[in-house]
$ cat coords.cif   # mmCIF, C-alpha atoms
data_upload
#
loop_
_atom_site.label_atom_id
_atom_site.label_comp_id
_atom_site.auth_asym_id
_atom_site.auth_seq_id
_atom_site.Cartn_x
_atom_site.Cartn_y
_atom_site.Cartn_z
CA MET A 220 1.23 29.06 -6.95
CA ALA A 221 -0.18 25.54 -7.19
CA VAL A 222 1.27 25.07 -10.69
CA GLN A 223 4.69 26.19 -9.48
CA SER A 224 4.48 23.79 -6.54
CA LEU A 225 3.64 20.89 -8.88
CA ARG A 226 6.57 21.81 -11.09
CA GLU A 227 8.92 21.80 -8.10
CA ILE A 228 7.57 18.44 -6.89
CA ASN A 229 8.00 16.74 -10.25
CA ALA A 230 11.38 18.32 -10.88
CA TYR A 231 12.42 16.75 -7.57
CA ASN A 232 10.85 13.42 -8.60
CA LEU A 233 12.70 13.41 -11.93
CA ARG A 234 16.02 14.50 -10.42
CA THR A 235 15.85 11.86 -7.69
CA PHE A 236 14.93 9.04 -10.07
CA LYS A 237 17.63 10.07 -12.54
CA HIS A 238 20.40 9.88 -9.94
CA HIS A 239 19.08 7.04 -7.75
CA TYR A 240 16.82 4.96 -10.00
CA VAL A 241 17.85 1.61 -8.51
CA SER A 242 17.01 2.78 -4.98
CA GLU A 243 13.72 4.31 -6.12
CA ILE A 244 12.66 1.12 -7.90
CA SER A 245 13.68 -1.03 -4.93
CA GLY A 246 11.88 1.26 -2.51
CA SER A 247 8.70 1.21 -4.61
CA LEU A 248 8.41 -2.53 -3.91
CA GLY A 249 8.79 -2.13 -0.14
CA ASP A 250 5.06 -2.28 0.66
CA LEU A 251 4.11 -5.15 -1.68
CA GLY A 252 4.50 -7.57 1.22
CA THR A 253 1.32 -6.06 2.64
CA PHE A 254 -0.49 -5.19 -0.60
CA LEU A 255 -0.16 -8.44 -2.58
CA PRO A 256 -1.19 -11.06 0.04
CA ILE A 257 -4.32 -9.13 1.03
CA ALA A 258 -5.31 -8.27 -2.55
CA ILE A 259 -4.81 -11.87 -3.72
CA ALA A 260 -6.69 -13.32 -0.73
CA LEU A 261 -9.66 -11.02 -1.38
CA ALA A 262 -9.57 -11.78 -5.12
CA ALA A 263 -9.40 -15.54 -4.51
CA ASN A 264 -12.61 -15.27 -2.46
CA GLY A 265 -14.30 -13.29 -5.24
CA THR A 266 -14.59 -10.29 -2.92
CA VAL A 267 -12.70 -7.86 -5.17
CA SER A 268 -11.50 -7.79 -8.77
CA LEU A 269 -7.72 -8.17 -8.82
CA ALA A 270 -7.49 -6.47 -12.22
CA SER A 271 -9.57 -3.49 -11.07
CA THR A 272 -7.55 -3.29 -7.86
CA LEU A 273 -4.27 -3.19 -9.79
CA VAL A 274 -5.53 -0.64 -12.33
CA PHE A 275 -7.11 1.77 -9.84
CA SER A 276 -4.35 1.47 -7.23
CA GLY A 277 -1.86 2.01 -10.07
CA VAL A 278 -3.61 5.24 -11.06
CA PHE A 279 -3.70 6.32 -7.41
CA ASN A 280 0.03 5.55 -7.05
CA ILE A 281 0.82 7.74 -10.05
CA LEU A 282 -1.35 10.64 -8.85
CA THR A 283 0.07 10.37 -5.33
CA GLY A 284 3.63 10.62 -6.66
CA LEU A 285 2.80 13.52 -8.97
CA PHE A 286 0.95 15.62 -6.39
CA PHE A 287 2.76 14.81 -3.13
CA GLY A 288 6.32 14.04 -4.28
CA ILE A 289 7.02 11.54 -1.48
CA PRO A 290 6.91 7.70 -1.44
CA LEU A 291 3.39 7.66 0.00
CA PRO A 292 1.96 4.14 -0.31
CA VAL A 293 -1.41 2.96 -1.58
CA GLN A 294 -2.19 0.00 0.66
CA PRO A 295 -5.22 -2.07 1.72
CA MET A 296 -7.61 -0.96 4.43
CA LYS A 297 -6.58 -3.74 6.81
CA ALA A 298 -9.57 -3.74 9.19
CA ILE A 299 -12.01 -4.00 6.29
CA ALA A 300 -9.87 -6.66 4.61
CA ALA A 301 -9.65 -8.75 7.79
CA VAL A 302 -13.43 -8.78 8.28
CA ALA A 303 -14.06 -9.37 4.56
CA ILE A 304 -11.70 -12.38 4.45
CA ALA A 305 -12.99 -13.87 7.71
CA ARG A 306 -16.64 -13.55 6.70
CA SER A 307 -16.27 -14.08 2.92
CA PHE A 308 -17.83 -10.73 2.06
CA SER A 309 -19.52 -10.25 -1.30
CA ASN A 310 -18.02 -7.67 -3.65
CA GLY A 311 -20.94 -5.34 -2.91
CA SER A 312 -20.37 -5.46 0.85
CA ILE A 313 -16.66 -4.60 0.68
CA ALA A 314 -17.40 -1.85 -1.84
CA ALA A 315 -19.99 -0.41 0.54
CA ALA A 316 -17.47 -0.50 3.39
CA GLY A 317 -14.83 1.36 1.36
CA ILE A 318 -17.28 3.96 0.06
CA PHE A 319 -18.66 4.53 3.58
CA VAL A 320 -15.18 5.12 5.02
CA GLY A 321 -14.26 7.35 2.07
CA ALA A 322 -17.38 9.48 2.60
CA CYS A 323 -16.66 9.83 6.33
CA ILE A 324 -13.04 10.84 5.71
CA LEU A 325 -14.18 13.39 3.12
CA VAL A 326 -16.51 14.98 5.68
CA PHE A 327 -13.72 14.98 8.28
CA SER A 328 -11.37 16.64 5.78
CA VAL A 329 -13.58 19.46 4.52
CA THR A 330 -15.00 20.31 7.97
CA GLY A 331 -11.61 20.53 9.69
CA ILE A 332 -12.23 17.59 12.03
CA LEU A 333 -8.99 15.97 10.84
CA HIS A 334 -7.03 19.03 11.95
CA TRP A 335 -8.76 18.85 15.31
CA PHE A 336 -7.71 15.19 15.64
CA ALA A 337 -4.12 16.11 14.81
CA ASN A 338 -4.09 18.88 17.42
CA VAL A 339 -5.61 16.92 20.31
CA ILE A 340 -3.80 13.58 19.83
CA PRO A 341 -0.41 13.58 21.62
CA ILE A 342 2.70 12.81 19.56
CA PRO A 343 3.59 9.73 21.72
CA VAL A 344 0.22 8.21 20.80
CA ILE A 345 0.97 8.72 17.12
CA LYS A 346 4.41 7.16 17.50
CA GLY A 347 2.82 4.29 19.41
CA ILE A 348 0.46 3.66 16.51
CA GLN A 349 3.43 3.41 14.17
CA VAL A 350 5.28 1.00 16.48
CA GLY A 351 2.12 -1.04 16.99
CA ALA A 352 1.52 -1.39 13.27
CA GLY A 353 5.09 -2.58 12.77
CA LEU A 354 4.91 -5.08 15.64
CA SER A 355 1.59 -6.47 14.39
CA LEU A 356 3.15 -7.19 10.99
CA ILE A 357 6.21 -8.80 12.60
CA ILE A 358 4.01 -11.03 14.78
CA ALA A 359 1.88 -12.00 11.77
CA ALA A 360 4.97 -12.83 9.72
CA CYS A 361 6.59 -14.89 12.49
CA GLY A 362 3.37 -16.70 13.31
CA ASN A 363 0.90 -17.19 10.48
CA MET A 364 3.43 -17.21 7.63
CA LEU A 365 6.21 -19.31 9.19
CA HIS A 366 4.03 -21.82 11.03
CA PRO A 367 3.09 -23.98 7.99
CA LEU A 368 6.68 -24.04 6.68
CA GLY A 369 9.11 -26.88 7.27
CA TRP A 370 12.87 -26.69 6.89
CA ILE A 371 12.70 -27.98 3.31
CA SER A 372 8.95 -28.12 2.73
CA PRO A 373 6.46 -27.51 1.17
CA SER A 374 8.89 -27.05 -1.74
CA TRP A 375 12.48 -26.22 -2.61
CA ALA A 376 11.42 -22.60 -3.23
CA ASP A 377 9.25 -22.10 -0.17
CA ASN A 378 10.62 -23.16 3.21
CA ARG A 379 12.19 -21.91 6.43
CA LEU A 380 15.69 -21.92 4.97
CA TRP A 381 14.68 -19.23 2.48
CA ALA A 382 12.89 -17.31 5.24
CA ILE A 383 16.06 -17.30 7.35
CA ALA A 384 18.17 -16.31 4.35
CA ALA A 385 15.84 -13.39 3.61
CA PHE A 386 15.96 -12.26 7.24
CA VAL A 387 19.77 -12.45 7.44
CA ALA A 388 20.05 -10.50 4.17
CA LEU A 389 17.68 -7.86 5.55
CA VAL A 390 19.80 -7.46 8.69
CA LEU A 391 22.96 -7.12 6.58
CA THR A 392 21.39 -4.25 4.62
CA ASN A 393 21.63 -2.20 7.81
CA VAL A 394 25.36 -2.19 7.09
CA PHE A 395 25.27 -2.30 3.28
CA ARG A 396 22.65 0.38 2.76
CA ARG A 397 23.08 0.65 -1.00
CA VAL A 398 22.04 -2.96 -1.66
CA PRO A 399 18.54 -2.95 -3.32
CA TYR A 400 17.14 -5.59 -0.99
CA ALA A 401 13.45 -5.30 -1.91
CA LEU A 402 14.22 -5.42 -5.63
CA ALA A 403 16.45 -8.49 -5.24
CA VAL A 404 13.88 -10.37 -3.13
CA PHE A 405 11.06 -9.45 -5.51
CA VAL A 406 12.97 -10.61 -8.61
CA LEU A 407 14.06 -13.84 -6.89
CA GLY A 408 10.50 -14.58 -5.79
CA LEU A 409 9.19 -13.87 -9.29
CA VAL A 410 11.74 -16.25 -10.83
CA PHE A 411 10.81 -18.97 -8.34
CA ALA A 412 7.10 -18.48 -9.06
CA ILE A 413 7.61 -18.70 -12.84
CA ILE A 414 9.70 -21.87 -12.53
CA ARG A 415 7.21 -23.56 -10.22
CA THR A 416 4.15 -22.70 -12.32
CA ALA A 417 5.94 -23.74 -15.51
CA LEU A 418 6.91 -27.11 -14.03
CA ALA A 419 3.34 -27.62 -12.84
CA GLY A 420 1.95 -26.70 -16.27
CA HIS A 421 -0.16 -23.85 -14.93
CA MET A 422 1.19 -20.83 -16.79
CA PRO A 423 -1.34 -17.97 -16.74
CA GLY A 424 -3.49 -16.90 -19.65
CA PHE A 425 -3.98 -13.28 -20.64
CA GLU A 426 -7.04 -11.18 -21.45
CA VAL A 427 -7.78 -7.48 -21.62
CA TRP A 428 -9.29 -5.88 -18.50
CA HIS A 429 -13.00 -5.11 -18.82
CA PRO A 430 -14.19 -2.53 -16.26
CA PHE A 431 -17.59 -3.02 -14.64
CA ALA A 432 -19.76 -0.95 -12.34
CA LEU A 433 -20.80 -2.24 -8.93
CA ILE A 434 -23.82 -0.91 -7.00
CA PRO A 435 -24.27 -2.37 -3.48
CA THR A 436 -27.74 -3.45 -2.37
CA PRO A 437 -29.32 -1.99 0.80
CA HIS A 438 -28.34 -5.15 2.71
CA GLN A 439 -24.75 -4.89 1.47
CA TRP A 440 -24.62 -1.22 2.53
CA ARG A 441 -25.66 -2.20 6.05
CA VAL A 442 -23.26 -5.13 6.34
CA GLY A 443 -20.30 -3.26 4.83
CA ALA A 444 -20.74 -0.01 6.73
CA VAL A 445 -21.65 -1.46 10.14
CA ASP A 446 -19.60 -4.65 10.27
CA ALA A 447 -16.39 -3.40 8.61
CA GLY A 448 -16.51 0.32 7.84
CA ILE A 449 -17.01 1.68 11.35
CA GLY A 450 -14.02 -0.23 12.70
CA GLN A 451 -11.83 1.05 9.88
CA ILE A 452 -12.49 4.77 10.48
CA PRO A 453 -10.23 5.30 13.55
CA LEU A 454 -7.44 3.21 11.97
CA THR A 455 -7.58 5.20 8.75
CA THR A 456 -7.81 8.54 10.53
CA LEU A 457 -4.88 7.92 12.87
CA ASN A 458 -2.50 5.62 10.97
CA SER A 459 -3.24 6.52 7.36
CA ILE A 460 -3.57 10.28 7.71
CA VAL A 461 -2.35 11.83 10.98
CA ALA A 462 0.55 9.41 11.60
CA VAL A 463 1.67 9.33 7.97
CA VAL A 464 1.95 13.14 7.81
CA HIS A 465 4.07 13.19 10.99
CA LEU A 466 6.27 10.36 9.71
CA ALA A 467 6.77 12.02 6.34
CA HIS A 468 7.99 15.16 8.11
CA ASP A 469 10.41 13.10 10.23
CA LEU A 470 11.82 10.98 7.38
CA LEU A 471 11.94 13.66 4.68
CA PRO A 472 12.49 16.99 6.43
CA ASN A 473 13.83 18.64 3.27
CA VAL A 474 10.73 17.78 1.21
CA ARG A 475 7.45 19.66 1.53
CA THR A 476 5.12 17.51 3.65
CA PRO A 477 1.51 17.24 2.40
CA SER A 478 -1.12 18.64 4.73
CA ILE A 479 -3.43 16.46 6.76
CA THR A 480 -6.41 17.80 4.80
CA HIS A 481 -4.83 16.94 1.44
CA VAL A 482 -3.96 13.40 2.55
CA GLY A 483 -7.50 12.97 3.90
CA ILE A 484 -9.04 14.11 0.62
CA SER A 485 -6.72 11.73 -1.22
CA VAL A 486 -7.87 8.75 0.89
CA ALA A 487 -11.50 9.75 0.42
CA GLY A 488 -11.16 10.21 -3.33
CA MET A 489 -9.47 6.85 -3.88
CA ASN A 490 -12.34 4.95 -2.27
CA LEU A 491 -15.17 7.09 -3.59
CA LEU A 492 -13.91 6.25 -7.08
CA GLY A 493 -12.32 2.80 -7.14
CA CYS A 494 -14.78 0.87 -4.95
CA TRP A 495 -17.61 1.44 -7.44
CA PHE A 496 -15.63 -0.67 -9.93
CA GLY A 497 -14.77 -3.64 -7.73
CA ALA A 498 -11.40 -2.36 -6.53
CA MET A 499 -10.10 -3.08 -3.04
CA PRO A 500 -10.60 -0.29 -0.43
CA VAL A 501 -7.24 1.45 -0.01
CA CYS A 502 -5.57 4.13 2.08
CA HIS A 503 -2.16 5.63 2.74
CA GLY A 504 -0.27 4.36 5.77
CA SER A 505 2.72 5.09 7.97
CA GLY A 506 3.89 1.46 7.81
CA GLY A 507 4.01 1.51 4.03
CA LEU A 508 5.82 4.84 3.96
CA ALA A 509 8.40 3.54 6.44
CA ALA A 510 8.91 0.35 4.40
CA GLN A 511 9.35 2.17 1.09
CA TYR A 512 11.74 4.66 2.69
CA ARG A 513 13.69 1.84 4.36
CA PHE A 514 14.29 0.12 1.02
CA GLY A 515 15.46 3.24 -0.79
CA ALA A 516 12.52 5.39 -1.90
CA ARG A 517 12.96 9.12 -1.38
CA SER A 518 10.55 10.73 -3.85
CA GLY A 519 7.24 10.32 -5.60
CA ALA A 520 9.06 8.80 -8.58
CA SER A 521 9.15 5.48 -6.73
CA VAL A 522 5.37 5.16 -6.43
CA ILE A 523 4.89 6.49 -9.97
CA PHE A 524 7.07 3.61 -11.20
CA LEU A 525 5.04 1.15 -9.10
CA GLY A 526 1.80 2.62 -10.44
CA VAL A 527 2.88 2.15 -14.04
CA LEU A 528 3.86 -1.47 -13.26
CA LYS A 529 0.44 -2.12 -11.68
CA LEU A 530 -1.36 -0.56 -14.64
CA ILE A 531 0.45 -2.77 -17.14
CA ILE A 532 -0.27 -5.95 -15.16
CA GLY A 533 -3.86 -4.91 -14.42
CA PHE A 534 -4.71 -4.09 -18.03
#
$ encode --input "coords.cif" --output "structure tokens"
Amino acid sequence: MAVQSLREINAYNLRTFKHHYVSEISGSLGDLGTFLPIAIALAANGTVSLASTLVFSGVFNILTGLFFGIPLPVQPMKAIAAVAIARSFSNGSIAAAGIFVGACILVFSVTGILHWFANVIPIPVIKGIQVGAGLSLIIAACGNMLHPLGWISPSWADNRLWAIAAFVALVLTNVFRRVPYALAVFVLGLVFAIIRTALAGHMPGFEVWHPFALIPTPHQWRVGAVDAGIGQIPLTTLNSIVAVVHLAHDLLPNVRTPSITHVGISVAGMNLLGCWFGAMPVCHGSGGLAAQYRFGARSGASVIFLGVLKLIIGF
């Protein structure tokens, strides 16, 4: 029965990508606006390994697409990331936080506590979580990201004029739905970045990824679990598991929705594996699913494509 279900899921993935590959590729990039800034900020502080984060999240993207068949994102655990960036966590402390949350979610999943959460939490609360997550990202974008920008500064490629152009183009895609907005913005940004780094003489070097094991110390376990992990648990449980399952059913009613238990085990497994190797703690999330759906993703093929892209860059 399970084998037949996997065959149906991946037949759907292949059929969707074959007929709508531009939309699937564009949709796969819809959540990078959350993933990349947080991953790069943590890597710049030496808190996580960017290569390990790309490799492991790429593997998780591929497995998510293969087993669930929907554009389910692999995105940062935002509460942990916020504390880690503010307090300049060591790599051991953030690993401990991710492993602690993963272990708690695994216990919730196998004991049925997640199902109990889903049954007792009213639907309006779940919808409110989704709206709140979206509003928090809008406020952050309009405040923290736009505040340092001038009309034509700090550079020709990074200013308020481009921000307004991107916003106007996004609004127009509500009318012209077939335009691959996320893909166009991503390619344009990549071209700008290459030109600017080339002109500055700072083109990147390349080396093969070397995996390493990371074992937190007792102090790092305490700091990670208490200071960051505990605050992440309700956010992960509600937004990354319960809310994402409800949203998947609403957005993709003709596709089999994964169960709350399966999504919970997926979140637990990602962190119980990747964090031991310096990867960023990750989860699934309703905001990421909504973004990828909004920009064209309709199947697991989208996140499989993104996973392959991450693997290549990470390696």
$ residues_near_point --input "coords.cif" --point "(4.9, -19.8, -3.9)" --cutoff "9 Å" --atoms "all atoms listed in the file" --output "ChimeraX atom specification"
/A:374,376-377,408,411-412,415-416
$ residues_around --input "coords.cif" --residues "stretch 456-465 of chain A" --least-positions-apart "2" --cutoff "10 Å" --atoms "only C-alpha atoms" --output "ChimeraX atom specification"
/A:291-294,296,320,323-324,327,333-334,336-338,340,342,344-349,352,451-454,467-470,476-486,501-509
$ resolve_selection --input "coords.cif" --expression "the PyMOL selection byres ((chain A and resi 280) around 9)" --output "PyMOL selection string"
chain A and resi 275-279+281-285+291-293+519+522-527+529
$ write_last_selection --input "coords.cif" --atoms "C-alpha atoms" --output "compact mmCIF listing (two decimals), keeping the file's coordinate frame"
# COMPACT_ATOMS: atom_id res chain seq x y z
CA PHE A 275 -7.11 1.77 -9.84
CA SER A 276 -4.35 1.47 -7.23
CA GLY A 277 -1.86 2.01 -10.07
CA VAL A 278 -3.61 5.24 -11.06
CA PHE A 279 -3.70 6.32 -7.41
CA ILE A 281 0.82 7.74 -10.05
CA LEU A 282 -1.35 10.64 -8.85
CA THR A 283 0.07 10.37 -5.33
CA GLY A 284 3.63 10.62 -6.66
CA LEU A 285 2.80 13.52 -8.97
CA LEU A 291 3.39 7.66 0.00
CA PRO A 292 1.96 4.14 -0.31
CA VAL A 293 -1.41 2.96 -1.58
CA GLY A 519 7.24 10.32 -5.60
CA VAL A 522 5.37 5.16 -6.43
CA ILE A 523 4.89 6.49 -9.97
CA PHE A 524 7.07 3.61 -11.20
CA LEU A 525 5.04 1.15 -9.10
CA GLY A 526 1.80 2.62 -10.44
CA VAL A 527 2.88 2.15 -14.04
CA LYS A 529 0.44 -2.12 -11.68
$ closest_residue --input "coords.cif" --among "A:Pro256, A:Gly424, A:Gly533, A:Gly353" --to "A:Ala498" --atoms "only C-alpha atoms"
A:Gly533
$ closest_residue --input "coords.cif" --among "A:Gly265, A:Pro341, A:Gly369, A:Gly443" --to "A:Ile383" --atoms "all atoms listed in the file"
A:Gly369
$ closest_residue --input "coords.cif" --among "A:Asn378, A:Asn490, A:Asn393, A:Thr266" --to "A:Gly515" --atoms "all atoms listed in the file"
A:Asn393
$ closest_residue --input "coords.cif" --among "A:Ile257, A:Ala444, A:Gly420, A:Val350" --to "A:Ala322" --atoms "only C-alpha atoms"
A:Ala444
$ atom_distance --input "coords.cif" --atom1 "atom CA of A:Trp495" --atom2 "atom CA of A:Leu225"
28.8 Å
$ atom_distance --input "coords.cif" --atom1 "atom CA of A:Lys297" --atom2 "atom CA of A:Ala314"
14.0 Å
$ resolve_selection --input "coords.cif" --expression "the PyMOL selection byres ((chain A and resi 317) around 8)" --output "compact mmCIF listing (two decimals) with C-alpha atoms, in the coordinates of the input"
# COMPACT_ATOMS: atom_id res chain seq x y z
CA ILE A 299 -12.01 -4.00 6.29
CA ILE A 313 -16.66 -4.60 0.68
CA ALA A 314 -17.40 -1.85 -1.84
CA ALA A 315 -19.99 -0.41 0.54
CA ALA A 316 -17.47 -0.50 3.39
CA ILE A 318 -17.28 3.96 0.06
CA PHE A 319 -18.66 4.53 3.58
CA VAL A 320 -15.18 5.12 5.02
CA GLY A 321 -14.26 7.35 2.07
CA GLY A 443 -20.30 -3.26 4.83
CA GLY A 448 -16.51 0.32 7.84
CA ASN A 490 -12.34 4.95 -2.27
CA LEU A 491 -15.17 7.09 -3.59
CA CYS A 494 -14.78 0.87 -4.95
CA MET A 499 -10.10 -3.08 -3.04
CA PRO A 500 -10.60 -0.29 -0.43
CA VAL A 501 -7.24 1.45 -0.01
$ atom_distance --input "coords.cif" --atom1 "atom CA of A:Phe386" --atom2 "atom CA of A:Ser355"
17.1 Å
$ decode --input "coords.cif" --residues "stretch 465-480 of chain A" --atoms "N, CA and C atoms" --output "PDB file, in the first residue's frame"
ATOM      1  N   HIS A 465      -3.239  21.891   7.714  1.00  0.00           N
ATOM      2  CA  HIS A 465      -4.518  22.521   7.369  1.00  0.00           C
ATOM      3  C   HIS A 465      -4.395  23.330   6.083  1.00  0.00           C
ATOM      4  N   LEU A 466      -3.306  24.083   5.934  1.00  0.00           N
ATOM      5  CA  LEU A 466      -3.132  24.910   4.745  1.00  0.00           C
ATOM      6  C   LEU A 466      -2.953  24.057   3.501  1.00  0.00           C
ATOM      7  N   ALA A 467      -2.221  22.973   3.616  1.00  0.00           N
ATOM      8  CA  ALA A 467      -2.034  22.079   2.471  1.00  0.00           C
ATOM      9  C   ALA A 467      -3.370  21.529   1.988  1.00  0.00           C
ATOM     10  N   HIS A 468      -4.253  21.190   2.936  1.00  0.00           N
ATOM     11  CA  HIS A 468      -5.578  20.686   2.563  1.00  0.00           C
ATOM     12  C   HIS A 468      -6.397  21.774   1.872  1.00  0.00           C
ATOM     13  N   ASP A 469      -6.255  23.026   2.324  1.00  0.00           N
ATOM     14  CA  ASP A 469      -7.015  24.126   1.716  1.00  0.00           C
ATOM     15  C   ASP A 469      -6.501  24.463   0.322  1.00  0.00           C
ATOM     16  N   LEU A 470      -5.174  24.518   0.152  1.00  0.00           N
ATOM     17  CA  LEU A 470      -4.597  24.938  -1.121  1.00  0.00           C
ATOM     18  C   LEU A 470      -4.630  23.837  -2.168  1.00  0.00           C
ATOM     19  N   LEU A 471      -4.449  22.599  -1.730  1.00  0.00           N
ATOM     20  CA  LEU A 471      -4.343  21.473  -2.671  1.00  0.00           C
ATOM     21  C   LEU A 471      -5.359  20.386  -2.303  1.00  0.00           C
ATOM     22  N   PRO A 472      -6.640  20.678  -2.470  1.00  0.00           N
ATOM     23  CA  PRO A 472      -7.659  19.718  -2.038  1.00  0.00           C
ATOM     24  C   PRO A 472      -7.667  18.425  -2.838  1.00  0.00           C
ATOM     25  N   ASN A 473      -7.103  18.443  -4.043  1.00  0.00           N
ATOM     26  CA  ASN A 473      -7.098  17.246  -4.883  1.00  0.00           C
ATOM     27  C   ASN A 473      -5.854  16.375  -4.696  1.00  0.00           C
ATOM     28  N   VAL A 474      -4.962  16.803  -3.808  1.00  0.00           N
ATOM     29  CA  VAL A 474      -3.744  16.051  -3.526  1.00  0.00           C
ATOM     30  C   VAL A 474      -3.834  15.505  -2.110  1.00  0.00           C
ATOM     31  N   ARG A 475      -3.367  14.281  -1.916  1.00  0.00           N
ATOM     32  CA  ARG A 475      -3.425  13.670  -0.588  1.00  0.00           C
ATOM     33  C   ARG A 475      -2.581  14.480   0.401  1.00  0.00           C
ATOM     34  N   THR A 476      -3.204  14.953   1.468  1.00  0.00           N
ATOM     35  CA  THR A 476      -2.516  15.761   2.468  1.00  0.00           C
ATOM     36  C   THR A 476      -1.779  14.856   3.444  1.00  0.00           C
ATOM     37  N   PRO A 477      -0.500  15.137   3.734  1.00  0.00           N
ATOM     38  CA  PRO A 477       0.218  14.319   4.721  1.00  0.00           C
ATOM     39  C   PRO A 477      -0.411  14.472   6.102  1.00  0.00           C
ATOM     40  N   SER A 478      -0.286  13.438   6.907  1.00  0.00           N
ATOM     41  CA  SER A 478      -0.861  13.481   8.248  1.00  0.00           C
ATOM     42  C   SER A 478       0.002  14.330   9.168  1.00  0.00           C
ATOM     43  N   ILE A 479      -0.608  14.771  10.249  1.00  0.00           N
ATOM     44  CA  ILE A 479       0.122  15.567  11.239  1.00  0.00           C
ATOM     45  C   ILE A 479       1.277  14.763  11.833  1.00  0.00           C
ATOM     46  N   THR A 480       1.066  13.483  12.070  1.00  0.00           N
ATOM     47  CA  THR A 480       2.126  12.634  12.618  1.00  0.00           C
ATOM     48  C   THR A 480       3.303  12.537  11.658  1.00  0.00           C
TER      49      THR A 480
END
